[in-house]
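Peer 1: My questions will all concern the structure given below.
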Amino acid sequence: MKAAVITFPGSNCDRDLAVAFERAGAQVLRVWHKDTELPAGVDVVGIPGGFSFGDYLRCGAIAAQSPIGAAVKRHAARGGHVLGICNGFQVLTEMGLLPGALMRNAGLKFICKTVELQVATTDCAYTCGYAAGQVIKVPVAHHDGNYTADAETLAQLQAEDRVAFRYVANPNGAMGDIAGVLSANRRVLGMMPHPERVVDAATGGADGAALFAGLIGKMALA
Amino acid sequence: MKARVHVMLKDGVLDPQGEAVRHALGTLGFAGVQGVRQGKVIELDLVGSDKAAAEAEVRAMCEKLLANTVIEKYSVEIV
């Protein structure tokens with residue numbers, strides 16, 4: 001099981017994401033944004049949180065066009081798994097791998113706190129380690145997490161059971177309380193909260209560990 | 001040749017920043033402001049003199065990078 005974690009200038013959760021993958025049993029390969037290919041045999045690509053390219057133009061917009069971006073798109077087109085967290089989620093929407101966009105928080109403030117998430121579907125490798133409807137505690141740390149999509153897209157996400165997580169108490173104005181969405185093939189997940197920050201009880205919680213354990217476990221069986 | 005690109009949120013997309021600016025203007029005593037929408041202006045210095053070709057090229061730039069057409073609209077002006 002190989003996981004690639006991409007680092008852009010301004011990424012700051014890349015190490016945490018690598019540790020979360022490692023603890024779940026994956027071999028982690030670190031990849032630089034200027035690389036044009038992913039290492040051979042990568043099963044899952046992690047796009048970390050942070051402020052890639054200083055959030056210039058729009059959050060994630062420049063990173064989405066970086067050399068490694070094309071390789072991530074090819075990986076996804078092959079049916080590979082991609083997990084984007086926080087800025088990684090913004091990058092995935094800018095790449096067009098996930099629908100919708102992340103706008104400025106409705107309250108305009110940067111929000112940094114632990115929130116409750118409801119597991120909205122267990123029908124994907126990322127959430128198979130949770131019980132349906134389970135409420136988990138995961139931190140958010142973002143200024144632009146206000147998930148926005150047109151009515152048609154929202155209806156489609158709902159109809160196809162592609163909302164992975166919903167906020168119990170919506171912190172940022174996200175439509176439909178959406179905290180994380182899946183691609184049509186259920187292998188690309190983008191989410192604003194940070195499960196990689198809660199994989200060890202010693203650092204504030206372990207509710208995120210099941211996401212990585214479930215993912216790596218599911219892929220090891222595949 | 002210069003191109004000027006205006007990027008605005010699409011009609012109907014809530015603009016929390018514009019709304020905050022509107023509120024602040026009200027606080028300052030500017031009572032007549034019904035709505036504020038905030039956008040971006042991007043100026044590009046271009047090589048060449050074919051206006052039509054330049055406009056087509058800048059539109060392609062908008063579609064690929066300068067605007068996020070999920071939530072934003074854009075207009076291009078060659079000046």
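A note on labels: chains of the structure tokens are A, B, ... as shown, every chain counts residues from 1, and ligands are counted from 1 in their shown order.
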Would you give me, as a tab-separated table, each residue of chain B having an atom within 8 Å of an atom of chain A, along with its shortest atom pair and that distance in Å to one decimal, using only C-alpha atoms and sorting by chain and residue number?

Peer 2:
residue	atom	partner	partner_atom	distance
B:Pro16	CA	A:Ala106	CA	5.7
B:Gln17	CA	A:Leu108	CA	7.0
B:Leu65	CA	A:Ala61	CA	6.9
B:Leu66	CA	A:Leu57	CA	7.4
B:Asn68	CA	A:Glu94	CA	7.3
B:Val70	CA	A:Gly100	CA	6.4
B:Ile71	CA	A:Ala101	CA	7.1

Peer 1: As a list of chain:residue names, please: every residue in chain B that a backbone DSSP assignment puts in strand (DSSP E or B).

Peer 2: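 Matching residues for strand (DSSP E or B) in chain B are B:Lys2, B:Ala3, B:Arg4, B:Val5, B:His6, B:Val7, B:Met8, B:Leu9, B:Lys40, B:Val41, B:Ile42, B:Glu43, B:Leu44, B:Asp45, B:Glu72, B:Lys73, B:Tyr74, B:Ser75, B:Val76, B:Glu77, B:Ile78.
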
Peer 1: Would you save the residues of that selection, restricted to C-alpha atoms, as a JSON list (two decimals), in the first residue's frame?

Peer 2:
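Listing of again_36.json after writing:
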[["chain", "number", "residue", "atom", "x", "y", "z"],
["B", 2, "LYS", "CA", -3.30, 45.52, -22.62],
["B", 3, "ALA", "CA", -6.22, 43.38, -21.61],
["B", 4, "ARG", "CA", -8.37, 44.07, -18.60],
["B", 5, "VAL", "CA", -10.30, 41.19, -17.08],
["B", 6, "HIS", "CA", -13.15, 41.72, -14.65],
["B", 7, "VAL", "CA", -14.01, 38.71, -12.50],
["B", 8, "MET", "CA", -17.22, 38.85, -10.48],
["B", 9, "LEU", "CA", -19.26, 36.33, -8.57],
["B", 40, "LYS", "CA", -11.32, 41.41, -9.12],
["B", 41, "VAL", "CA", -9.68, 43.34, -11.92],
["B", 42, "ILE", "CA", -6.71, 41.67, -13.60],
["B", 43, "GLU", "CA", -4.59, 43.61, -16.11],
["B", 44, "LEU", "CA", -2.43, 41.78, -18.60],
["B", 45, "ASP", "CA", 0.33, 43.17, -20.81],
["B", 72, "GLU", "CA", -17.57, 33.43, -11.10],
["B", 73, "LYS", "CA", -18.27, 35.22, -14.37],
["B", 74, "TYR", "CA", -15.77, 37.30, -16.28],
["B", 75, "SER", "CA", -15.57, 39.94, -18.96],
["B", 76, "VAL", "CA", -12.59, 40.81, -21.15],
["B", 77, "GLU", "CA", -11.70, 44.24, -22.44],
["B", 78, "ILE", "CA", -8.81, 44.86, -24.83]]

Peer 1: Pick out the closest residue to Cys112 of chain A from this set: A:Gly50, A:Gly25, A:Gly41, A:Pro139. Count only C-alpha atoms.

Peer 2: A:Pro139

Peer 1: Pull the alpha helix (DSSP H) assignments for chain B out of DSSP run on the backbone, and list those residues as an NGL selection string.

Peer 2: :B and (16-27 or 51-61)

Peer 1: Considering only C-alpha atoms, return as number ranges by chain whatever protein or nucleic-acid residues lie within 10 Å of Glu37 of chain A, sequence-local ones (same chain, fewer than 3 positions apart) excluded.

Peer 2: A: 31-34, 40, 67-72, 74-75

Peer 1: Would you mind telling me which residue in A:Thr36, A:Asn146, A:Thr121, A:Thr114 lies nearest to Val13 of chain B when using only C-alpha atoms?

Peer 2: A:Asn146

Peer 1: Find the residues near Thr7 of chain A: any atom within 12 Å, counting only C-alpha atoms, skip ones fewer than 4 places away on the same chain, and give them as an mmCIF file with N, CA and C atoms, in the first residue's frame.

Peer 2:
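Printed below is selection_32.cif as written:
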data_model
loop_
_atom_site.group_PDB
_atom_site.id
_atom_site.type_symbol
_atom_site.label_atom_id
_atom_site.label_comp_id
_atom_site.auth_asym_id
_atom_site.auth_seq_id
_atom_site.Cartn_x
_atom_site.Cartn_y
_atom_site.Cartn_z
ATOM 1 N N SER A 11 2.163 24.563 1.681
ATOM 2 C CA SER A 11 1.491 23.459 2.377
ATOM 3 C C SER A 11 2.019 23.416 3.800
ATOM 4 N N ASN A 12 1.156 23.139 4.777
ATOM 5 C CA ASN A 12 1.671 23.018 6.138
ATOM 6 C C ASN A 12 1.104 21.815 6.897
ATOM 7 N N CYS A 13 0.290 20.999 6.232
ATOM 8 C CA CYS A 13 -0.227 19.806 6.901
ATOM 9 C C CYS A 13 0.313 18.543 6.239
ATOM 10 N N ASP A 14 1.325 18.715 5.383
ATOM 11 C CA ASP A 14 1.826 17.570 4.623
ATOM 12 C C ASP A 14 2.473 16.521 5.517
ATOM 13 N N ARG A 15 3.212 16.987 6.538
ATOM 14 C CA ARG A 15 3.859 16.015 7.415
ATOM 15 C C ARG A 15 2.822 15.266 8.256
ATOM 16 N N ASP A 16 1.851 16.003 8.772
ATOM 17 C CA ASP A 16 0.796 15.361 9.567
ATOM 18 C C ASP A 16 0.063 14.308 8.736
ATOM 19 N N LEU A 17 -0.197 14.646 7.477
ATOM 20 C CA LEU A 17 -0.906 13.713 6.608
ATOM 21 C C LEU A 17 -0.054 12.467 6.360
ATOM 22 N N ALA A 18 1.248 12.681 6.163
ATOM 23 C CA ALA A 18 2.154 11.536 5.957
ATOM 24 C C ALA A 18 2.165 10.632 7.190
ATOM 25 N N LEU A 29 5.277 8.141 0.315
ATOM 26 C CA LEU A 29 6.262 8.758 -0.553
ATOM 27 C C LEU A 29 5.914 10.235 -0.661
ATOM 28 N N ARG A 30 6.882 11.090 -0.400
ATOM 29 C CA ARG A 30 6.624 12.533 -0.463
ATOM 30 C C ARG A 30 6.909 13.009 -1.888
ATOM 31 N N VAL A 31 6.038 13.831 -2.396
ATOM 32 C CA VAL A 31 6.121 14.280 -3.791
ATOM 33 C C VAL A 31 6.101 15.802 -3.827
ATOM 34 N N TRP A 32 6.986 16.378 -4.628
ATOM 35 C CA TRP A 32 7.102 17.837 -4.766
ATOM 36 C C TRP A 32 6.213 18.317 -5.911
ATOM 37 N N HIS A 33 5.683 19.518 -5.780
ATOM 38 C CA HIS A 33 4.697 19.990 -6.770
ATOM 39 C C HIS A 33 5.246 20.103 -8.178
ATOM 40 N N LYS A 34 6.585 20.211 -8.292
ATOM 41 C CA LYS A 34 7.168 20.345 -9.631
ATOM 42 C C LYS A 34 7.399 18.990 -10.299
ATOM 43 N N ASP A 35 7.240 17.905 -9.528
ATOM 44 C CA ASP A 35 7.355 16.579 -10.139
ATOM 45 C C ASP A 35 6.247 16.445 -11.179
ATOM 46 N N VAL A 45 -3.353 9.238 -3.336
ATOM 47 C CA VAL A 45 -2.637 10.512 -3.310
ATOM 48 C C VAL A 45 -3.288 11.390 -2.258
ATOM 49 N N GLY A 46 -2.470 11.963 -1.377
ATOM 50 C CA GLY A 46 -2.976 12.886 -0.366
ATOM 51 C C GLY A 46 -2.587 14.315 -0.732
ATOM 52 N N ILE A 47 -3.560 15.196 -0.780
ATOM 53 C CA ILE A 47 -3.281 16.612 -1.015
ATOM 54 C C ILE A 47 -3.564 17.342 0.294
ATOM 55 N N PRO A 48 -2.507 17.883 0.899
ATOM 56 C CA PRO A 48 -2.616 18.359 2.281
ATOM 57 C C PRO A 48 -3.195 19.756 2.409
ATOM 58 N N GLY A 49 -3.460 20.120 3.640
ATOM 59 C CA GLY A 49 -3.920 21.456 3.964
ATOM 60 C C GLY A 49 -2.769 22.447 3.983
ATOM 61 N N GLY A 50 -3.133 23.700 4.087
ATOM 62 C CA GLY A 50 -2.132 24.762 4.118
ATOM 63 C C GLY A 50 -2.605 25.938 3.298
ATOM 64 N N PHE A 51 -1.658 26.658 2.772
ATOM 65 C CA PHE A 51 -1.964 27.864 1.999
ATOM 66 C C PHE A 51 -1.119 27.832 0.742
ATOM 67 N N SER A 52 -1.376 26.866 -0.119
ATOM 68 C CA SER A 52 -0.540 26.700 -1.303
ATOM 69 C C SER A 52 -0.496 27.998 -2.107
ATOM 70 N N PHE A 53 0.699 28.369 -2.488
ATOM 71 C CA PHE A 53 0.930 29.588 -3.264
ATOM 72 C C PHE A 53 0.252 30.803 -2.613
ATOM 73 N N ALA A 63 -2.144 25.898 -7.371
ATOM 74 C CA ALA A 63 -1.704 24.515 -7.125
ATOM 75 C C ALA A 63 -2.371 23.549 -8.105
ATOM 76 N N SER A 66 -0.395 23.138 -11.179
ATOM 77 C CA SER A 66 1.034 22.832 -11.045
ATOM 78 C C SER A 66 1.372 21.561 -11.818
ATOM 79 N N PRO A 67 2.655 21.327 -12.096
ATOM 80 C CA PRO A 67 3.036 20.138 -12.877
ATOM 81 C C PRO A 67 2.484 18.831 -12.302
ATOM 82 N N ILE A 68 2.497 18.657 -10.986
ATOM 83 C CA ILE A 68 2.012 17.394 -10.422
ATOM 84 C C ILE A 68 0.485 17.272 -10.593
ATOM 85 N N GLY A 69 -0.187 18.402 -10.802
ATOM 86 C CA GLY A 69 -1.647 18.385 -10.947
ATOM 87 C C GLY A 69 -2.105 17.471 -12.072
ATOM 88 N N ASN A 87 -7.074 22.835 2.298
ATOM 89 C CA ASN A 87 -6.598 23.409 1.036
ATOM 90 C C ASN A 87 -6.576 22.330 -0.061
ATOM 91 N N GLY A 88 -6.365 21.085 0.333
ATOM 92 C CA GLY A 88 -6.405 19.983 -0.632
ATOM 93 C C GLY A 88 -7.783 19.824 -1.269
#

Peer 1: Find, counting only C-alpha atoms, the residue in A:Ala209, A:Val163, A:Ala174, A:Ala220 that gets nearest to Ala24 of chain A.

Peer 2: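 Closest to Ala24 of chain A, using only C-alpha atoms: A:Ala209.
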